[in-house]
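**Student:** Provided herewith is a single structure, encoded as structure tokens, for subsequent inquiry.
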Amino acid sequence: PFGGSWEDDDHLIWAHAKPGDKLNIAVPVKRNGKYAVSVILTKCSDYGIFQLSLDGRKTGAPIDLFDRKIQPTQPIALGTHVLSAGEHALGIEIVGTNPAASPNYIFGLDRVLVEPVE
């Protein structure tokens with residue numbers, strides 16, 4: 001319905017939150033191994049700035065999801081990680097909003113990519 005290219009034409013939206021709020025999303029891993037982890041998120045005029053983490057460890061600088069047009073991001077690399085089989089936690093924390101954005105803190109997740117590294 002957004003006119004973009006999201007997998008299965010949808011994405012997870014987290015709304016009605018405020019700075020300091022946190023959300024954890026389960027990321028299943030089938031086998032022990034080394035994996036390149038990345039995410040495809042959504043950008044829009046009322047989306048916030050977020051700090052991502054994997055199993056409680058920050059995965060880089062905060063990500064600003066402000067854009068004047070609603071659209072998915074390109075894959076955003078979260079690093080290479082040695083992961084055990086089972087569930088891992090993708091952490092999302094609201095840290096702010098872009099000064100040009102509508103005063104809101106919406107977050108959109110299209111998909112989490114967990115790809116084996118040889």
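FYI, nothing fancy with the structure tokens labels: chains A, B, ... in order, residues from 1 per chain, ligands from 1 as they appear.
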Using backbone DSSP assignments, extract all strand (DSSP E) residues from chain A; output them as an MDAnalysis selection string.

**Tutor:** chainID A and resid 12:14 22:29 33:43 49:54 57:58 63:64 71:72 76:83 86:96 107:116

**Student:** Using only C-alpha atoms, determine which residues lie at most 9 Å from A:Leu109, disregarding the query and same-chain residues fewer than 4 positions distant; provide the list as number ranges by chain.

**Tutor:** A: 11-14, 39-42, 72

**Student:** Which polymer residues have any atom within 12 Å of an atom of A:Phe107, counting only C-alpha atoms, with same-chain residues fewer than 2 positions away left out, as a VMD selection string?

**Tutor:** chain A and resid 11 to 19 21 to 23 40 to 52 63 to 66 70 72 92 to 97 104 to 105 109 to 110

**Student:** Given the choices A:Pro103, A:Gly56, A:Pro75, A:Gly86, which gets closest to A:Val29 if the distance is worked out from only C-alpha atoms?

**Tutor:**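 Under the stated criterion, the closest residue is A:Gly86.
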
**Student:** Figure out the distance between atom CA of A:Ser102 and atom CA of A:Ile76, please, to one decimal in Å.

**Tutor:**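 For atom CA of A:Ile76 relative to atom CA of A:Ser102, the distance reads 23.3 Å.
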